[in-house]
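Shown here: work_2.tsv, TSV, C-alpha atoms.
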chain	number	residue	atom	x	y	z
A	1	MET	CA	117.83	103.58	90.55
A	2	THR	CA	118.63	106.31	88.06
A	3	TYR	CA	115.03	107.39	88.57
A	4	LEU	CA	115.79	107.92	92.26
A	5	LYS	CA	118.68	110.12	91.32
A	6	HIS	CA	116.26	112.29	89.38
A	7	THR	CA	113.76	112.55	92.23
A	8	PRO	CA	115.45	112.20	95.62
A	9	ASP	CA	113.45	115.03	97.16
A	10	LEU	CA	109.93	113.61	96.93
A	11	ALA	CA	108.11	113.49	100.24
A	12	LEU	CA	104.79	112.21	101.50
A	13	LEU	CA	102.72	115.09	102.78
A	14	TYR	CA	100.29	114.74	105.66
A	15	LEU	CA	98.18	117.86	106.00
A	16	LYS	CA	97.06	119.12	109.35
A	17	GLY	CA	93.42	119.30	110.40
A	18	CYS	CA	91.88	117.43	107.51
A	19	ASN	CA	88.87	115.13	107.54
A	20	PHE	CA	88.91	111.41	108.33
A	21	ASP	CA	87.02	110.05	105.32
A	22	LEU	CA	88.33	106.61	104.61
A	23	ILE	CA	88.54	105.78	100.90
A	24	GLY	CA	89.89	102.72	99.14
A	25	TYR	CA	91.12	102.43	95.57
A	26	ALA	CA	91.53	99.03	93.95
A	27	ASP	CA	92.88	98.26	90.52
A	28	ALA	CA	94.17	95.26	88.64
A	29	ASP	CA	96.32	94.72	85.59
A	30	TYR	CA	94.86	91.70	83.85
A	31	ALA	CA	97.51	89.10	82.94
A	32	GLY	CA	100.19	91.75	83.22
A	33	PHE	CA	103.00	89.46	84.31
A	34	VAL	CA	104.34	87.90	81.12
A	35	VAL	CA	106.03	84.85	82.61
A	36	ASP	CA	102.98	83.12	84.07
A	37	ARG	CA	100.16	85.47	83.02
A	38	LYS	CA	99.04	86.18	86.54
A	39	SER	CA	97.39	89.51	87.24
A	40	THR	CA	98.84	92.29	89.36
A	41	LEU	CA	96.67	93.86	92.04
A	42	GLY	CA	97.15	97.35	93.37
A	43	MET	CA	95.43	99.16	96.19
A	44	ALA	CA	95.65	102.49	97.96
A	45	HIS	CA	93.90	103.62	101.12
A	46	PHE	CA	93.32	107.27	101.88
A	47	LEU	CA	92.32	109.01	105.07
A	48	GLY	CA	90.96	112.31	103.83
A	49	PRO	CA	93.58	113.56	101.37
A	50	CYS	CA	96.45	111.59	102.95
A	51	LEU	CA	97.72	108.26	101.74
A	52	VAL	CA	97.92	105.93	104.72
A	53	SER	CA	98.55	102.52	103.24
A	54	TRP	CA	99.30	101.02	99.85
A	55	ALA	CA	100.12	97.67	98.39
A	56	THR	CA	100.90	95.88	95.18
A	57	LYS	CA	100.58	92.15	94.84
A	58	LYS	CA	100.89	89.48	92.23
A	59	LYS	CA	97.82	87.29	92.33
A	60	HIS	CA	98.23	83.64	93.35
A	61	SER	CA	96.06	82.23	90.60
A	62	VAL	CA	95.47	83.09	86.97
A	63	ALA	CA	92.33	85.19	86.34
A	64	ILE	CA	89.94	84.26	83.54
A	65	SER	CA	88.56	87.75	82.94
A	66	THR	CA	89.34	91.39	83.71
A	67	ALA	CA	86.22	91.55	85.87
A	68	GLU	CA	87.51	88.69	87.98
A	69	ALA	CA	90.92	90.33	88.43
A	70	GLU	CA	89.34	93.65	89.42
A	71	TYR	CA	86.91	91.96	91.78
A	72	VAL	CA	89.69	90.10	93.52
A	73	ALA	CA	91.64	93.39	93.84
A	74	ALA	CA	88.66	95.04	95.53
A	75	ALA	CA	88.23	92.01	97.78
A	76	SER	CA	91.86	92.15	98.90
A	77	CYS	CA	91.47	95.88	99.56
A	78	CYS	CA	88.54	95.21	101.87
A	79	PRO	CA	90.16	93.61	104.99
A	80	GLN	CA	92.71	96.42	105.29
A	81	LEU	CA	89.95	99.03	105.11
A	82	LEU	CA	87.95	97.25	107.79
A	83	ARG	CA	91.06	97.11	109.95
A	84	ILE	CA	91.62	100.85	109.63
A	85	LYS	CA	87.92	101.44	110.29
A	86	GLN	CA	88.13	99.41	113.49
A	87	GLN	CA	91.20	101.31	114.63
A	88	LEU	CA	89.49	104.64	113.97
A	89	LYS	CA	86.51	103.39	115.94
A	90	ASP	CA	88.86	102.84	118.87
A	91	PHE	CA	89.76	106.53	118.59
A	92	CYS	CA	86.04	107.39	118.55
A	93	VAL	CA	86.00	108.35	114.87
A	94	ASP	CA	83.10	106.87	112.95
A	95	THR	CA	83.79	106.41	109.25
A	96	GLY	CA	80.38	105.08	108.20
A	97	CYS	CA	80.19	103.24	104.90
A	98	ILE	CA	83.60	103.06	103.23
A	99	PRO	CA	83.71	103.60	99.47
A	100	ILE	CA	86.02	101.49	97.31
A	101	TYR	CA	86.71	102.93	93.88
A	102	CYS	CA	87.11	100.50	91.06
A	103	ASP	CA	87.34	101.18	87.31
A	104	ASN	CA	85.41	98.13	86.16
A	105	THR	CA	81.61	98.12	86.20
A	106	SER	CA	81.27	94.33	85.98
A	107	ALA	CA	83.32	93.91	89.13
A	108	ILE	CA	80.99	96.35	90.91
A	109	ASN	CA	77.94	94.48	89.63
A	110	ILE	CA	79.33	91.17	90.84
A	111	SER	CA	79.59	92.65	94.33
A	112	LYS	CA	75.91	93.63	94.26
A	113	ASN	CA	74.38	90.70	92.45
A	114	PRO	CA	73.93	87.60	94.60
A	115	TRP	CA	73.53	85.24	91.65
A	116	GLN	CA	76.41	83.31	90.25
A	117	HIS	CA	77.08	83.78	86.62
A	118	LYS	CA	79.60	82.48	84.15
A	119	ARG	CA	82.36	84.95	84.90
A	120	THR	CA	82.23	84.57	88.67
A	121	LYS	CA	82.45	80.79	88.77
A	122	PRO	CA	86.25	80.69	89.16
A	123	ILE	CA	86.24	83.17	92.03
A	124	ASP	CA	87.07	81.48	95.29
A	125	ILE	CA	84.49	81.50	98.05
A	126	ARG	CA	86.67	83.55	100.38
A	127	ARG	CA	86.57	86.34	97.83
A	128	HIS	CA	82.87	86.63	98.53
A	129	PHE	CA	83.90	88.28	101.74
A	130	LEU	CA	83.59	91.54	99.83
A	131	ARG	CA	80.03	90.86	98.73
A	132	ASP	CA	79.11	89.99	102.29
A	133	ASN	CA	80.45	93.32	103.54
A	134	VAL	CA	78.69	95.25	100.79
A	135	GLU	CA	75.44	93.61	101.88
A	136	LYS	CA	76.12	94.55	105.49
A	137	GLY	CA	76.58	98.16	104.37
A	138	LEU	CA	80.15	98.45	105.67
A	139	ILE	CA	81.62	98.89	102.19
A	140	SER	CA	80.21	100.51	99.09
A	141	MET	CA	81.56	99.92	95.61
A	142	ASN	CA	81.82	102.95	93.37
A	143	PHE	CA	82.89	103.47	89.82
A	144	CYS	CA	85.71	105.75	88.76
A	145	THR	CA	87.27	106.16	85.33
A	146	THR	CA	90.72	104.79	84.56
A	147	ASP	CA	92.06	108.35	84.51
A	148	THR	CA	90.97	109.03	88.07
A	149	GLN	CA	92.03	105.61	89.33
A	150	ILE	CA	94.85	106.33	91.78
A	151	ALA	CA	95.86	102.70	92.32
A	152	ASP	CA	96.84	102.49	88.63
A	153	ILE	CA	100.44	103.34	89.53
A	154	PHE	CA	100.72	100.12	91.57
A	155	THR	CA	99.67	97.77	88.80
A	156	LYS	CA	101.49	98.77	85.65
A	157	ALA	CA	104.26	100.88	84.16
A	158	LEU	CA	102.81	104.23	83.11
A	159	SER	CA	103.85	106.87	80.62
A	160	ARG	CA	105.58	109.96	81.92
A	161	GLU	CA	102.63	112.41	82.13
A	162	LYS	CA	100.33	109.80	83.64
A	163	PHE	CA	103.01	108.73	86.10
A	164	GLU	CA	103.69	112.28	87.27
A	165	ARG	CA	100.00	113.07	87.64
A	166	ASN	CA	99.35	109.88	89.53
A	167	ARG	CA	102.33	110.54	91.79
A	168	LEU	CA	100.93	113.93	92.72
A	169	GLU	CA	97.52	112.41	93.49
A	170	LEU	CA	99.20	110.03	95.92
A	171	GLY	CA	100.38	113.08	97.86
A	172	LEU	CA	104.04	112.80	96.88
A	173	ILE	CA	105.36	116.31	96.50
A	174	LYS	CA	108.75	117.87	95.95
A	175	THR	CA	110.25	119.28	99.11
A	176	LYS	CA	112.14	122.00	97.29
B	1	MET	CA	110.57	108.55	129.29
B	2	SER	CA	112.41	111.76	128.51
B	3	MET	CA	111.52	114.48	126.04
B	4	MET	CA	114.14	114.76	123.33
B	5	GLY	CA	112.60	117.55	121.30
B	6	GLU	CA	110.97	117.40	117.91
B	7	LEU	CA	111.18	114.18	115.93
B	8	ASN	CA	113.41	114.65	112.89
B	9	LEU	CA	114.90	111.31	112.03
B	10	PHE	CA	113.45	107.89	112.75
B	11	LEU	CA	114.81	104.65	111.21
B	12	SER	CA	116.23	106.71	108.33
B	13	LEU	CA	112.84	108.31	107.69
B	14	GLN	CA	113.33	112.06	107.73
B	15	ILE	CA	110.39	113.90	109.20
B	16	LYS	CA	109.79	117.57	108.66
B	17	GLN	CA	107.05	119.31	110.59
B	18	THR	CA	105.67	122.60	109.34
B	19	SER	CA	102.63	124.68	110.24
B	20	ASN	CA	100.63	123.10	107.39
B	21	GLY	CA	101.40	119.50	108.08
B	22	THR	CA	104.05	116.81	108.24
B	23	MET	CA	106.36	115.63	105.48
B	24	ILE	CA	108.09	112.25	105.44
B	25	HIS	CA	111.00	111.53	103.11
B	26	GLN	CA	114.20	109.48	102.83
B	27	GLN	CA	116.49	111.83	100.93
B	28	GLN	CA	119.57	110.92	102.95
B	29	TYR	CA	118.92	107.20	102.50
B	30	ILE	CA	118.63	107.63	98.72
B	31	LYS	CA	121.89	109.58	98.60
B	32	GLU	CA	123.72	106.86	100.53
B	33	LEU	CA	122.21	104.16	98.32
B	34	LEU	CA	123.35	105.87	95.11
B	35	LYS	CA	126.82	106.39	96.52
B	36	ARG	CA	127.13	102.81	97.71
B	37	PHE	CA	126.39	101.37	94.28
B	38	GLY	CA	128.40	104.00	92.41
B	39	MET	CA	125.39	105.46	90.64
B	40	ASP	CA	125.78	109.08	91.69
B	41	SER	CA	127.16	110.01	88.29
B	42	SER	CA	124.52	108.23	86.19
B	43	LYS	CA	122.03	109.99	83.95
B	44	PRO	CA	118.67	110.75	85.63
B	45	ILE	CA	115.44	109.38	84.10
B	46	ASP	CA	111.80	110.48	84.52
B	47	THR	CA	109.97	107.26	85.35
B	48	PRO	CA	111.20	104.14	87.16
B	49	ILE	CA	110.11	101.76	84.40
B	50	SER	CA	109.07	102.20	80.78
B	51	PRO	CA	105.57	101.00	79.74
B	52	LEU	CA	107.21	98.96	76.98
B	53	THR	CA	109.47	96.99	79.31
B	54	LYS	CA	108.55	93.35	79.68
B	55	LEU	CA	110.67	91.23	81.99
B	56	VAL	CA	110.93	87.55	81.11
B	57	LEU	CA	112.83	84.55	82.47
B	58	GLU	CA	115.90	83.88	80.39
B	59	ASP	CA	119.19	82.05	80.70
B	60	ARG	CA	121.65	84.51	79.33
B	61	SER	CA	125.40	84.60	79.54
B	62	SER	CA	125.65	87.80	81.60
B	63	PRO	CA	124.41	86.79	85.03
B	64	ILE	CA	124.88	89.12	87.96
B	65	GLU	CA	125.51	87.95	91.46
B	66	GLU	CA	122.31	86.82	93.13
B	67	LYS	CA	123.40	88.12	96.52
B	68	THR	CA	124.04	91.65	95.27
B	69	TYR	CA	120.74	91.67	93.39
B	70	SER	CA	118.63	90.62	96.35
B	71	GLY	CA	120.63	93.05	98.49
B	72	ILE	CA	119.62	95.93	96.25
B	73	ILE	CA	115.99	94.75	96.22
B	74	GLY	CA	116.00	94.68	100.01
B	75	LEU	CA	117.37	98.20	100.24
B	76	LEU	CA	114.82	99.46	97.72
B	77	LEU	CA	111.98	97.71	99.53
B	78	TYR	CA	112.84	99.68	102.63
B	79	LEU	CA	112.67	102.83	100.54
B	80	THR	CA	109.09	102.03	99.51
B	81	ALA	CA	108.10	103.00	103.08
B	82	SER	CA	108.05	106.62	101.97
B	83	ARG	CA	107.90	106.23	98.19
B	84	PRO	CA	104.74	104.58	96.87
B	85	ASP	CA	105.73	105.56	93.32
B	86	ILE	CA	108.48	102.94	93.06
B	87	VAL	CA	106.51	100.10	94.68
B	88	PHE	CA	105.44	98.52	91.39
B	89	SER	CA	108.88	98.48	89.75
B	90	VAL	CA	110.64	97.17	92.86
B	91	ASP	CA	108.06	94.41	93.22
B	92	LEU	CA	108.45	93.47	89.59
B	93	CYS	CA	112.24	93.21	89.95
B	94	ALA	CA	111.77	91.19	93.14
B	95	CYS	CA	109.94	88.52	91.14
B	96	PHE	CA	113.18	87.69	89.31
B	97	GLN	CA	115.53	87.01	92.20
B	98	SER	CA	116.87	83.66	91.11
B	99	LYS	CA	119.43	83.80	88.29
B	100	PRO	CA	119.16	87.55	87.57
B	101	ASN	CA	120.66	88.80	84.31
Can you present the structure in this file as structure tokens?
Amino acid sequence: MTYLKHTPDLALLYLKGCNFDLIGYADADYAGFVVDRKSTLGMAHFLGPCLVSWATKKKHSVAISTAEAEYVAAASCCPQLLRIKQQLKDFCVDTGCIPIYCDNTSAINISKNPWQHKRTKPIDIRRHFLRDNVEKGLISMNFCTTDTQIADIFTKALSREKFERNRLELGLIKTK
Amino acid sequence: MSMMGELNLFLSLQIKQTSNGTMIHQQQYIKELLKRFGMDSSKPIDTPISPLTKLVLEDRSSPIEEKTYSGIIGLLLYLTASRPDIVFSVDLCACFQSKPN
């Protein structure tokens, strides 16, 4: 709460007349919760430069590998993106293939590769929803570095510089 | 339906419309929150949670009232509607709602 005292004047900015490119960011903090070692998932959805929806969630089950945690994060990001896409379609805006940015290459490979391998065995079948949508061409998985990963702020505590940079990328600006 | 002019305040979300775009903030809500819990004279900090902080379950002798704790969490959760930067820390605190220390 003392943090709020320091920054009461932050506001979400929604710019006028910008594009409607839907982008998803998904990130996971592997075994970040010390009590039961469950991973934390974070996701952010952007419409052009504006943040429209965000979420942080503690996973229900324990992940075996980082790739699994990241893959599950991307999979949870997917339904929300499809929902926004559908709503935009109702307003006659076509978004095409929606990119999800993820900072783990193995997770991206899992979404493209139809074969099961050792790491993917524990992933629940419903998580393969993501792979199905990638195959249909509704979603595309893209790589971004940890530094450009915007959903980082939702999964772990960050250092000051990183936190402030990330906050700015979310579109939170000072009103004064 | 009647026109009541430009939208400025909606469910304690303050909305400011300029020629460039729209800004949404909850400055008034934050001020009231700080005043209500007597924190308006506390020292400001830069980030909501330090990277070194690890919260664990513990039975210590200095428990705080569960009702107050969940009350604060509830108020902060409402604040996350306009402040995605505090989402993680509020969620983390919300995981420890029984027997808070």
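Those residues that approach A:Pro79 to within 10 Å, counting all atoms listed in the file, are Ala74, Ala75, Arg83, Ile84, Lys85, Phe129, Leu130 and Asn133 of chain A; same-chain residues fewer than 4 positions away are not listed.
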Practice problem: Work out how far atom CA of B:Ile86 is from atom CA of A:Asp152, in Å to one decimal. | Solution: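 Answer for the atom CA of A:Asp152 to atom CA of B:Ile86 separation: 12.5 Å.
Straight-line separation from atom CA of B:Pro48 to atom CA of A:Ile64: 29.3 Å.
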Quiz item: Within 10 Å of chain A, which residues of chain B show up when using only C-alpha atoms, listed as number ranges by chain?
Solution: B: 14-31, 33-34, 37, 39-57, 72, 76, 80-92, 95
Exercise. Quick one: residues within 7 Å of (115.6, 101.1, 106.6) (file frame), counting all atoms listed in the file, please, as a VMD selection string.
Key: chain B and resid 11 to 12 78 to 79
Got time to write the residues from that selection, C-alpha atoms, as a PDB file, in the frame of the given file?
ATOM      1  CA  LEU B  11     114.810 104.650 111.210  1.00  0.00           C
ATOM      2  CA  SER B  12     116.230 106.710 108.330  1.00  0.00           C
ATOM      3  CA  TYR B  78     112.840  99.680 102.630  1.00  0.00           C
ATOM      4  CA  LEU B  79     112.670 102.830 100.540  1.00  0.00           C
TER       5      LEU B  79
END
Render stretch 59-160 of chain A from the structure in the preceding block as a file of C-alpha atoms, as a JSON list (two decimals), in the first residue's frame.
[["chain", "number", "residue", "atom", "x", "y", "z"],
["A", 59, "LYS", "CA", -1.71, -22.97, -11.77],
["A", 60, "HIS", "CA", -3.86, -25.81, -10.42],
["A", 61, "SER", "CA", -1.23, -28.49, -10.79],
["A", 62, "VAL", "CA", 2.52, -28.62, -10.36],
["A", 63, "ALA", "CA", 4.50, -28.30, -13.61],
["A", 64, "ILE", "CA", 7.38, -30.66, -14.34],
["A", 65, "SER", "CA", 9.33, -28.32, -16.62],
["A", 66, "THR", "CA", 9.54, -24.64, -17.56],
["A", 67, "ALA", "CA", 8.37, -25.53, -21.06],
["A", 68, "GLU", "CA", 5.24, -27.10, -19.63],
["A", 69, "ALA", "CA", 4.49, -24.06, -17.46],
["A", 70, "GLU", "CA", 4.98, -21.69, -20.41],
["A", 71, "TYR", "CA", 2.88, -23.86, -22.69],
["A", 72, "VAL", "CA", 0.03, -23.94, -20.22],
["A", 73, "ALA", "CA", 0.26, -20.13, -19.88],
["A", 74, "ALA", "CA", -0.07, -19.74, -23.65],
["A", 75, "ALA", "CA", -2.96, -22.20, -23.69],
["A", 76, "SER", "CA", -4.83, -20.26, -21.00],
["A", 77, "CYS", "CA", -4.21, -17.05, -22.96],
["A", 78, "CYS", "CA", -5.83, -18.56, -26.04],
["A", 79, "PRO", "CA", -9.58, -18.70, -25.15],
["A", 80, "GLN", "CA", -9.63, -15.04, -24.10],
["A", 81, "LEU", "CA", -7.99, -14.02, -27.38],
["A", 82, "LEU", "CA", -10.51, -16.02, -29.38],
["A", 83, "ARG", "CA", -13.31, -14.38, -27.41],
["A", 84, "ILE", "CA", -12.01, -10.90, -28.21],
["A", 85, "LYS", "CA", -11.54, -11.94, -31.83],
["A", 86, "GLN", "CA", -15.15, -13.07, -32.03],
["A", 87, "GLN", "CA", -16.37, -9.84, -30.49],
["A", 88, "LEU", "CA", -14.33, -7.79, -32.97],
["A", 89, "LYS", "CA", -15.80, -9.89, -35.76],
["A", 90, "ASP", "CA", -19.24, -8.82, -34.55],
["A", 91, "PHE", "CA", -18.08, -5.23, -35.06],
["A", 92, "CYS", "CA", -16.87, -6.16, -38.56],
["A", 93, "VAL", "CA", -13.19, -5.95, -37.66],
["A", 94, "ASP", "CA", -11.16, -8.88, -38.93],
["A", 95, "THR", "CA", -8.06, -9.61, -36.87],
["A", 96, "GLY", "CA", -6.66, -12.48, -38.94],
["A", 97, "CYS", "CA", -4.13, -14.74, -37.26],
["A", 98, "ILE", "CA", -3.49, -13.65, -33.68],
["A", 99, "PRO", "CA", 0.12, -13.78, -32.47],
["A", 100, "ILE", "CA", 0.89, -14.96, -28.94],
["A", 101, "TYR", "CA", 4.33, -13.97, -27.68],
["A", 102, "CYS", "CA", 6.08, -16.40, -25.45],
["A", 103, "ASP", "CA", 9.69, -16.34, -24.19],
["A", 104, "ASN", "CA", 10.29, -20.08, -24.31],
["A", 105, "THR", "CA", 11.18, -21.79, -27.59],
["A", 106, "SER", "CA", 10.32, -25.30, -26.39],
["A", 107, "ALA", "CA", 6.78, -24.22, -25.57],
["A", 108, "ILE", "CA", 6.46, -22.81, -29.11],
["A", 109, "ASN", "CA", 7.81, -26.04, -30.59],
["A", 110, "ILE", "CA", 5.35, -28.12, -28.59],
["A", 111, "SER", "CA", 2.52, -26.11, -30.13],
["A", 112, "LYS", "CA", 3.79, -26.91, -33.64],
["A", 113, "ASN", "CA", 4.94, -30.48, -33.23],
["A", 114, "PRO", "CA", 2.13, -33.03, -33.22],
["A", 115, "TRP", "CA", 4.23, -35.78, -31.65],
["A", 116, "GLN", "CA", 4.22, -36.42, -27.96],
["A", 117, "HIS", "CA", 7.55, -36.33, -26.29],
["A", 118, "LYS", "CA", 8.81, -36.76, -22.78],
["A", 119, "ARG", "CA", 8.20, -33.22, -21.59],
["A", 120, "THR", "CA", 4.64, -32.97, -22.88],
["A", 121, "LYS", "CA", 3.34, -36.17, -21.32],
["A", 122, "PRO", "CA", 2.03, -34.49, -18.16],
["A", 123, "ILE", "CA", 0.14, -31.83, -20.09],
["A", 124, "ASP", "CA", -3.58, -32.38, -19.90],
["A", 125, "ILE", "CA", -5.49, -33.05, -23.09],
["A", 126, "ARG", "CA", -7.54, -29.88, -22.79],
["A", 127, "ARG", "CA", -4.32, -27.90, -23.02],
["A", 128, "HIS", "CA", -3.97, -29.20, -26.55],
["A", 129, "PHE", "CA", -6.69, -26.74, -27.40],
["A", 130, "LEU", "CA", -3.86, -24.34, -28.21],
["A", 131, "ARG", "CA", -2.18, -26.73, -30.63],
["A", 132, "ASP", "CA", -5.50, -27.30, -32.35],
["A", 133, "ASN", "CA", -5.97, -23.56, -32.87],
["A", 134, "VAL", "CA", -2.42, -23.13, -34.14],
["A", 135, "GLU", "CA", -3.12, -25.84, -36.71],
["A", 136, "LYS", "CA", -6.33, -24.09, -37.74],
["A", 137, "GLY", "CA", -4.31, -20.91, -38.29],
["A", 138, "LEU", "CA", -6.29, -18.83, -35.79],
["A", 139, "ILE", "CA", -3.31, -18.38, -33.46],
["A", 140, "SER", "CA", 0.38, -18.12, -34.19],
["A", 141, "MET", "CA", 3.07, -18.63, -31.60],
["A", 142, "ASN", "CA", 6.00, -16.23, -31.71],
["A", 143, "PHE", "CA", 9.17, -15.91, -29.74],
["A", 144, "CYS", "CA", 10.15, -12.81, -27.79],
["A", 145, "THR", "CA", 13.04, -12.34, -25.40],
["A", 146, "THR", "CA", 12.50, -12.13, -21.66],
["A", 147, "ASP", "CA", 13.29, -8.41, -21.82],
["A", 148, "THR", "CA", 10.49, -7.70, -24.24],
["A", 149, "GLN", "CA", 8.03, -10.01, -22.50],
["A", 150, "ILE", "CA", 5.31, -7.69, -21.22],
["A", 151, "ALA", "CA", 3.46, -10.33, -19.18],
["A", 152, "ASP", "CA", 6.55, -10.70, -16.97],
["A", 153, "ILE", "CA", 5.11, -8.19, -14.50],
["A", 154, "PHE", "CA", 2.17, -10.54, -13.78],
["A", 155, "THR", "CA", 4.27, -13.54, -12.84],
["A", 156, "LYS", "CA", 7.04, -12.38, -10.54],
["A", 157, "ALA", "CA", 8.37, -9.55, -8.42],
["A", 158, "LEU", "CA", 10.71, -7.43, -10.55],
["A", 159, "SER", "CA", 13.55, -5.08, -9.76],
["A", 160, "ARG", "CA", 12.87, -1.37, -9.88]]
